[in-house]
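Heads up, target10.cif below (mmCIF, C-alpha atoms):
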data_my_file
#
loop_
_atom_site.label_atom_id
_atom_site.label_comp_id
_atom_site.auth_asym_id
_atom_site.auth_seq_id
_atom_site.Cartn_x
_atom_site.Cartn_y
_atom_site.Cartn_z
CA MET Q 184 101.37 94.83 98.21
CA GLY Q 185 104.07 92.80 96.47
CA PHE Q 186 107.80 93.34 96.06
CA PRO Q 187 107.49 95.77 93.09
CA GLU Q 188 105.11 98.01 95.05
CA ARG Q 189 107.26 97.85 98.22
CA LEU Q 190 110.35 98.77 96.21
CA LYS Q 191 108.65 101.81 94.69
CA ASP Q 192 107.15 102.83 98.03
CA ALA Q 193 110.54 102.65 99.78
CA ARG Q 194 112.24 104.62 96.98
CA MET Q 195 109.64 107.38 96.99
CA ALA Q 196 109.62 107.55 100.80
CA ILE Q 197 113.23 108.81 100.76
CA GLY Q 198 112.76 111.01 97.69
CA LEU Q 199 114.91 109.12 95.19
CA SER Q 200 114.29 108.91 91.47
CA GLN Q 201 114.85 105.60 89.70
CA PRO Q 202 118.21 106.77 88.26
CA GLU Q 203 119.31 108.02 91.70
CA LEU Q 204 118.53 104.64 93.28
CA ALA Q 205 120.37 102.87 90.47
CA ASN Q 206 123.40 105.08 91.14
CA ARG Q 207 123.29 104.22 94.86
CA CYS Q 208 123.38 100.55 93.90
CA GLY Q 209 126.32 101.09 91.54
CA TRP Q 210 124.23 100.45 88.43
CA GLN Q 211 125.06 103.67 86.59
CA LYS Q 212 125.08 101.87 83.23
CA MET Q 213 121.90 99.90 83.95
CA GLN Q 214 119.47 102.52 85.25
CA GLY Q 215 116.50 100.86 83.55
CA ARG Q 216 116.86 97.95 86.00
CA ILE Q 217 114.90 99.80 88.72
CA SER Q 218 111.99 100.36 86.34
CA HIS Q 219 111.97 96.67 85.44
CA TYR Q 220 111.90 95.69 89.11
CA GLU Q 221 109.13 98.15 89.99
CA THR Q 222 106.92 96.98 87.14
CA GLY Q 223 107.55 93.29 87.85
CA ARG Q 224 109.19 92.66 84.48
CA ARG Q 225 112.29 91.37 86.24
CA THR Q 226 112.97 89.79 89.62
CA PRO Q 227 116.25 90.73 91.32
CA ARG Q 228 118.83 88.14 92.21
CA MET Q 229 119.48 87.85 95.94
CA ASP Q 230 122.70 89.89 95.82
CA ASP Q 231 120.88 92.66 93.90
CA PHE Q 232 117.97 92.42 96.33
CA LEU Q 233 120.29 93.01 99.30
CA MET Q 234 121.95 95.90 97.48
CA LEU Q 235 118.52 97.51 97.06
CA ALA Q 236 117.69 97.05 100.74
CA LYS Q 237 120.97 98.65 101.77
CA ALA Q 238 120.57 101.57 99.36
CA LEU Q 239 117.03 102.21 100.63
CA ASP Q 240 117.99 101.80 104.33
CA THR Q 241 115.21 99.22 104.48
CA PRO Q 242 115.26 95.88 106.36
CA PRO Q 243 115.58 93.03 103.82
CA THR Q 244 112.71 91.16 105.47
CA TRP Q 245 110.30 94.05 104.90
CA LEU Q 246 111.36 94.43 101.27
CA LEU Q 247 110.96 90.68 100.70
CA THR Q 248 107.82 89.93 102.73
CA GLY Q 249 106.27 93.19 103.93
CA GLU Q 250 106.74 92.06 107.54
CA GLY Q 251 108.24 94.27 110.26
CA PRO Q 252 109.24 97.94 110.08
CA GLN Q 253 109.85 99.55 106.71
CA HIS Q 254 112.82 101.63 107.80
CA ILE Q 255 115.91 100.74 109.81
CA SER Q 256 115.97 102.85 112.97
CA THR Q 257 118.32 102.94 115.92
CA ASP Q 258 115.61 104.60 118.05
CA ARG Q 259 118.33 106.39 120.04
CA ALA Q 260 115.84 108.18 122.32
CA LEU Q 261 114.55 104.80 123.52
CA HIS Q 262 118.08 103.61 124.22
CA GLU Q 263 118.96 106.70 126.23
CA LYS Q 264 116.06 106.03 128.61
CA ALA Q 265 117.58 102.73 129.77
CA GLU Q 266 118.13 102.86 133.53
CA HIS Q 267 120.05 99.60 133.94
CA PRO Q 268 123.16 98.19 132.25
CA VAL Q 269 122.38 96.28 129.08
CA THR Q 270 124.20 93.04 128.32
CA SER Q 271 124.82 91.28 125.03
CA PRO Q 272 123.91 87.58 124.66
CA ASP Q 273 127.43 86.55 125.80
CA GLY Q 274 127.15 88.58 129.00
CA GLN Q 275 129.24 91.59 127.92
CA GLU Q 276 127.93 94.94 129.19
CA ALA Q 277 126.76 97.23 126.38
CA SER Q 278 126.18 100.96 126.39
CA PRO Q 279 122.53 101.85 125.66
CA THR Q 280 123.71 104.04 122.77
CA ASP Q 281 125.57 101.02 121.32
CA LEU Q 282 122.30 99.19 120.75
CA VAL Q 283 120.73 98.58 117.36
CA ILE Q 284 117.19 97.48 116.63
CA ILE Q 285 116.78 94.18 114.75
CA PRO Q 286 113.45 93.84 112.86
CA HIS Q 287 111.28 90.93 113.94
CA TYR Q 288 108.76 88.87 111.95
CA THR Q 289 106.97 85.53 112.31
CA ALA Q 290 107.53 82.15 110.64
CA THR Q 291 105.45 79.00 111.03
CA ILE Q 292 106.05 75.40 109.95
CA SER Q 293 103.45 73.63 107.82
CA GLY Q 294 102.88 71.08 105.08
CA ASP Q 295 105.78 68.64 104.92
CA HIS Q 296 107.27 70.22 108.09
CA SER Q 297 109.96 71.95 106.07
CA GLN Q 298 108.33 75.11 104.80
CA ALA Q 299 108.55 78.41 106.68
CA GLN Q 300 105.56 80.60 105.91
CA GLN Q 301 105.46 84.21 107.12
CA THR Q 302 102.27 85.10 108.94
CA SER Q 303 100.69 88.55 109.07
CA THR Q 304 100.83 88.84 112.87
CA PRO Q 305 103.96 90.54 114.21
CA MET Q 306 105.42 88.88 117.33
CA ALA Q 307 107.26 91.98 118.55
CA PRO Q 308 108.12 95.43 117.18
CA HIS Q 309 111.87 94.96 117.58
CA LEU Q 310 114.73 93.52 119.59
CA SER Q 311 117.75 95.61 120.63
CA LEU Q 312 121.24 94.07 120.62
CA SER Q 313 124.76 95.40 121.03
CA ARG Q 314 126.25 96.67 117.78
CA SER Q 315 129.76 95.84 119.02
CA TRP Q 316 128.78 92.25 119.83
CA LEU Q 317 127.18 91.78 116.42
CA GLU Q 318 130.14 93.21 114.54
CA GLU Q 319 132.59 91.07 116.53
CA HIS Q 320 130.88 88.05 114.99
CA GLY Q 321 131.03 89.52 111.49
CA TRP Q 322 127.28 90.24 111.29
CA ARG Q 323 126.25 93.54 109.74
CA PRO Q 324 123.38 94.95 111.85
CA ALA Q 325 121.57 96.38 108.81
CA LEU Q 326 121.43 92.88 107.27
CA LEU Q 327 119.93 91.10 110.30
CA SER Q 328 116.37 90.10 111.07
CA LEU Q 329 114.61 87.89 113.59
CA MET Q 330 111.88 85.29 113.30
CA ILE Q 331 110.13 82.85 115.62
CA MET Q 332 110.36 79.16 114.74
CA ARG Q 333 107.10 77.21 114.95
CA GLY Q 334 106.84 73.42 114.85
CA GLN Q 335 109.45 70.67 115.20
CA ALA Q 336 110.63 70.36 111.59
CA MET Q 337 114.25 71.17 112.44
CA SER Q 338 114.36 69.68 115.93
CA PRO Q 339 116.39 69.01 117.94
CA ILE Q 340 118.56 71.80 116.50
CA LEU Q 341 115.72 74.32 116.21
CA GLN Q 342 112.77 73.94 118.56
CA ASP Q 343 109.28 75.34 118.52
CA GLY Q 344 109.39 78.90 119.87
CA ASP Q 345 113.11 79.47 119.26
CA LEU Q 346 114.17 82.95 118.23
CA LEU Q 347 116.28 82.81 115.06
CA MET Q 348 118.58 85.60 113.91
CA ILE Q 349 119.05 85.62 110.12
CA HIS Q 350 122.04 87.30 108.45
CA HIS Q 351 121.02 88.40 104.95
CA HIS Q 352 124.52 88.38 103.52
CA ILE Q 353 125.46 86.97 100.15
CA GLY Q 354 128.69 85.01 100.26
CA PRO Q 355 130.11 81.51 99.83
CA ILE Q 356 127.94 78.72 101.20
CA VAL Q 357 129.02 77.62 104.67
CA ASP Q 358 128.69 73.83 104.52
CA GLY Q 359 126.44 72.29 107.14
CA GLU Q 360 124.84 75.56 108.21
CA ILE Q 361 121.08 76.26 108.30
CA TYR Q 362 119.68 78.74 105.80
CA LEU Q 363 116.42 80.49 105.08
CA LEU Q 364 115.93 79.71 101.37
CA GLU Q 365 113.62 80.62 98.56
CA LEU Q 366 112.40 77.74 96.39
CA ASP Q 367 109.79 78.38 93.69
CA GLY Q 368 108.90 81.64 95.39
CA GLU Q 369 108.38 80.07 98.84
CA PRO Q 370 110.64 80.37 101.91
CA TYR Q 371 112.16 77.19 103.40
CA ILE Q 372 114.38 76.36 106.36
CA ARG Q 373 117.06 73.82 105.37
CA ARG Q 374 120.54 72.65 106.23
CA VAL Q 375 122.78 73.24 103.22
CA GLN Q 376 125.80 71.34 101.97
CA ARG Q 377 127.72 71.53 98.72
CA ILE Q 378 128.11 68.21 96.91
CA PRO Q 379 130.10 67.16 93.80
CA GLY Q 380 128.86 68.25 90.40
CA LYS Q 381 128.29 71.90 91.40
CA GLN Q 382 125.16 70.98 93.33
CA VAL Q 383 123.80 71.62 96.81
CA LEU Q 384 121.96 69.26 99.15
CA LEU Q 385 119.09 70.75 101.18
CA SER Q 386 118.09 68.62 104.14
CA GLY Q 387 116.00 68.77 107.29
CA GLU Q 388 116.67 67.33 110.73
CA ARG Q 389 113.79 64.85 110.85
CA PRO Q 390 113.68 61.63 108.80
CA GLU Q 391 110.29 62.43 107.29
CA ILE Q 392 111.64 65.58 105.66
CA ARG Q 393 112.51 64.97 102.04
CA ASP Q 394 116.01 66.02 100.90
CA TYR Q 395 116.40 68.20 97.83
CA THR Q 396 119.31 68.40 95.41
CA LEU Q 397 119.58 71.31 93.04
CA PRO Q 398 122.24 72.96 90.87
CA LEU Q 399 124.41 75.48 92.68
CA ALA Q 400 123.39 78.10 90.11
CA LYS Q 401 119.75 77.81 91.24
CA PHE Q 402 120.54 78.07 94.96
CA SER Q 403 118.85 81.20 96.32
CA SER Q 404 119.53 82.06 99.95
CA VAL Q 405 117.49 84.65 101.82
CA GLY Q 406 119.97 84.41 104.70
CA ARG Q 407 121.83 82.16 107.12
CA VAL Q 408 120.73 81.34 110.68
CA VAL Q 409 123.56 82.73 112.79
CA TRP Q 410 122.11 82.74 116.30
CA VAL Q 411 119.35 80.94 118.17
CA GLY Q 412 117.66 82.02 121.38
CA SER Q 413 115.88 79.25 123.31
CA SER Q 414 113.90 79.11 126.52
CA VAL Q 415 115.15 76.84 129.27
CA SER Q 416 112.87 74.56 131.30
CA LEU Q 417 114.23 73.79 134.76
#
Reformat the file's structure so that it appears as structure tokens.
Amino acid sequence: MGFPERLKDARMAIGLSQPELANRCGWQKMQGRISHYETGRRTPRMDDFLMLAKALDTPPTWLLTGEGPQHISTDRALHEKAEHPVTSPDGQEASPTDLVIIPHYTATISGDHSQAQQTSTPMAPHLSLSRSWLEEHGWRPALLSLMIMRGQAMSPILQDGDLLMIHHHIGPIVDGEIYLLELDGEPYIRRVQRIPGKQVLLSGERPEIRDYTLPLAKFSSVGRVVWVGSSVSL
């Protein structure tokens, strides 16, 4: 099932017509856009894609790749069963009812050690984190997803087995940050920097990874890596 089918499935699952979904997205004067997306006649820009995910209450990663849960859920009953205090990654205690579930999917490194390819095997159903902690950092919980890094393409910054949290927010490029990108329909992990001439430089961390330069207008970000969880060997 591709993006057009997932979009239609998510819309019908919550009982919205195409015009109703267009209205939720603020496209009252362009209601035919949903039909074009669902038939594959048009492909949404990333900002429109994220608007669709928000309107459908659907994780962006599921809408893009089909990985992880289809619907965002706080799973409050699971939180209320917690018997011990829950802490955020910076050590702050969090109320169980303050937790949100972040969808989780898999990425592997292959080819020229720069391409992230989603696999069909889920690593975990979810990860729960403190909503307050996420919002303090400016990360909208509904726009977050997790993936496991495989390979050493971005080492030493990102190591094999690291847990990456991706913020699927469209905004100005943050120079020097690492992004999950889409190039020619394929996802890539790259460090991004703006350069003169309205262009962006996409680079890896290892010398064998080829750098790419492309016009800023063609830059398509799936999201920015905002947090990394690593294991520690003592």
Distance query region 199-207 of chain Q at most 8 Å, only C-alpha atoms, self and fewer than 4 positions along chain excluded, as a PDB file with C-alpha atoms, in the frame of the given file:
ATOM      1  CA  ARG Q 194     112.240 104.620  96.980  1.00  0.00           C
ATOM      2  CA  MET Q 195     109.640 107.380  96.990  1.00  0.00           C
ATOM      3  CA  GLN Q 211     125.060 103.670  86.590  1.00  0.00           C
ATOM      4  CA  MET Q 213     121.900  99.900  83.950  1.00  0.00           C
ATOM      5  CA  GLN Q 214     119.470 102.520  85.250  1.00  0.00           C
ATOM      6  CA  GLY Q 215     116.500 100.860  83.550  1.00  0.00           C
ATOM      7  CA  ARG Q 216     116.860  97.950  86.000  1.00  0.00           C
ATOM      8  CA  ILE Q 217     114.900  99.800  88.720  1.00  0.00           C
ATOM      9  CA  SER Q 218     111.990 100.360  86.340  1.00  0.00           C
ATOM     10  CA  ALA Q 238     120.570 101.570  99.360  1.00  0.00           C
ATOM     11  CA  LEU Q 239     117.030 102.210 100.630  1.00  0.00           C
TER      12      LEU Q 239
END
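Of the listed residues (Q:His350, Q:Arg377, Q:Arg333, Q:Lys237), Q:His350 comes nearest to His320 (chain Q); the distances count all atoms listed in the file.
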I'd like to see the residues matched by the PyMOL selection byres ((chain Q and resi 394-408) around 6) on this file, and ideally I'd get them as a CSV table (one decimal) with C-alpha atoms, in the coordinates of the input.
chain,number,residue,atom,x,y,z
Q,348,MET,CA,118.6,85.6,113.9
Q,349,ILE,CA,119.0,85.6,110.1
Q,350,HIS,CA,122.0,87.3,108.4
Q,351,HIS,CA,121.0,88.4,105.0
Q,361,ILE,CA,121.1,76.3,108.3
Q,362,TYR,CA,119.7,78.7,105.8
Q,363,LEU,CA,116.4,80.5,105.1
Q,364,LEU,CA,115.9,79.7,101.4
Q,365,GLU,CA,113.6,80.6,98.6
Q,381,LYS,CA,128.3,71.9,91.4
Q,382,GLN,CA,125.2,71.0,93.3
Q,383,VAL,CA,123.8,71.6,96.8
Q,384,LEU,CA,122.0,69.3,99.2
Q,385,LEU,CA,119.1,70.8,101.2
Q,386,SER,CA,118.1,68.6,104.1
Q,393,ARG,CA,112.5,65.0,102.0
Q,409,VAL,CA,123.6,82.7,112.8
Q,410,TRP,CA,122.1,82.7,116.3
Can you tell me which residues surround Ile340 (chain Q) at a distance of at most 10 Å, considering all atoms listed in the file, apart from same-chain residues fewer than 3 positions away, and format the answer as a VMD selection string?
chain Q and resid 335 to 337 345 361 388 411
Would you pick out the contacts of Val283 (chain Q) at 7 Å or less, using all atoms listed in the file, so that residues sharing its chain but fewer than 6 positions from it are not included, and give the list as a ChimeraX atom specification?
/Q:257,311-314
Expansion of the PyMOL selection byres ((chain Q and resi 247) around 9) into residues, as an mmCIF file with C-alpha atoms, in the frame of the given file:
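Here's the written file out-v8.cif:
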data_model
loop_
_atom_site.group_PDB
_atom_site.id
_atom_site.type_symbol
_atom_site.label_atom_id
_atom_site.label_comp_id
_atom_site.auth_asym_id
_atom_site.auth_seq_id
_atom_site.Cartn_x
_atom_site.Cartn_y
_atom_site.Cartn_z
ATOM 1 C CA GLY Q 185 104.070 92.800 96.470
ATOM 2 C CA PHE Q 186 107.800 93.340 96.060
ATOM 3 C CA ARG Q 189 107.260 97.850 98.220
ATOM 4 C CA PHE Q 232 117.970 92.420 96.330
ATOM 5 C CA PRO Q 242 115.260 95.880 106.360
ATOM 6 C CA PRO Q 243 115.580 93.030 103.820
ATOM 7 C CA THR Q 244 112.710 91.160 105.470
ATOM 8 C CA TRP Q 245 110.300 94.050 104.900
ATOM 9 C CA LEU Q 246 111.360 94.430 101.270
ATOM 10 C CA THR Q 248 107.820 89.930 102.730
ATOM 11 C CA GLY Q 249 106.270 93.190 103.930
ATOM 12 C CA GLU Q 250 106.740 92.060 107.540
ATOM 13 C CA VAL Q 405 117.490 84.650 101.820
#
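Interatomic distance, CA of Arg374 (chain Q) against CA of Ile356 (chain Q): 10.8 Å.
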Size and centre in Å, one decimal, axis-aligned box, all listed region 184-198 of chain Q atoms plus 3 Å per side, as AutoDock Vina command-line options:
--center_x 107.3 --center_y 101.9 --center_z 96.9 --size_x 17.9 --size_y 24.2 --size_z 13.7
Smallest atom-to-atom distance to Gly334 (chain Q): which of Q:Met184, Q:Leu282, Q:Ile372, Q:Ala196, using only C-alpha atoms?
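Once distances to Gly334 (chain Q) are computed over only C-alpha atoms, the minimum belongs to Q:Ile372.
Between CA of Ser328 (chain Q) and CA of Arg389 (chain Q) the separation is 25.4 Å.
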note - CA of Glu360 (chain Q) and CA of Gln376 (chain Q) are separated by 7.6 Å
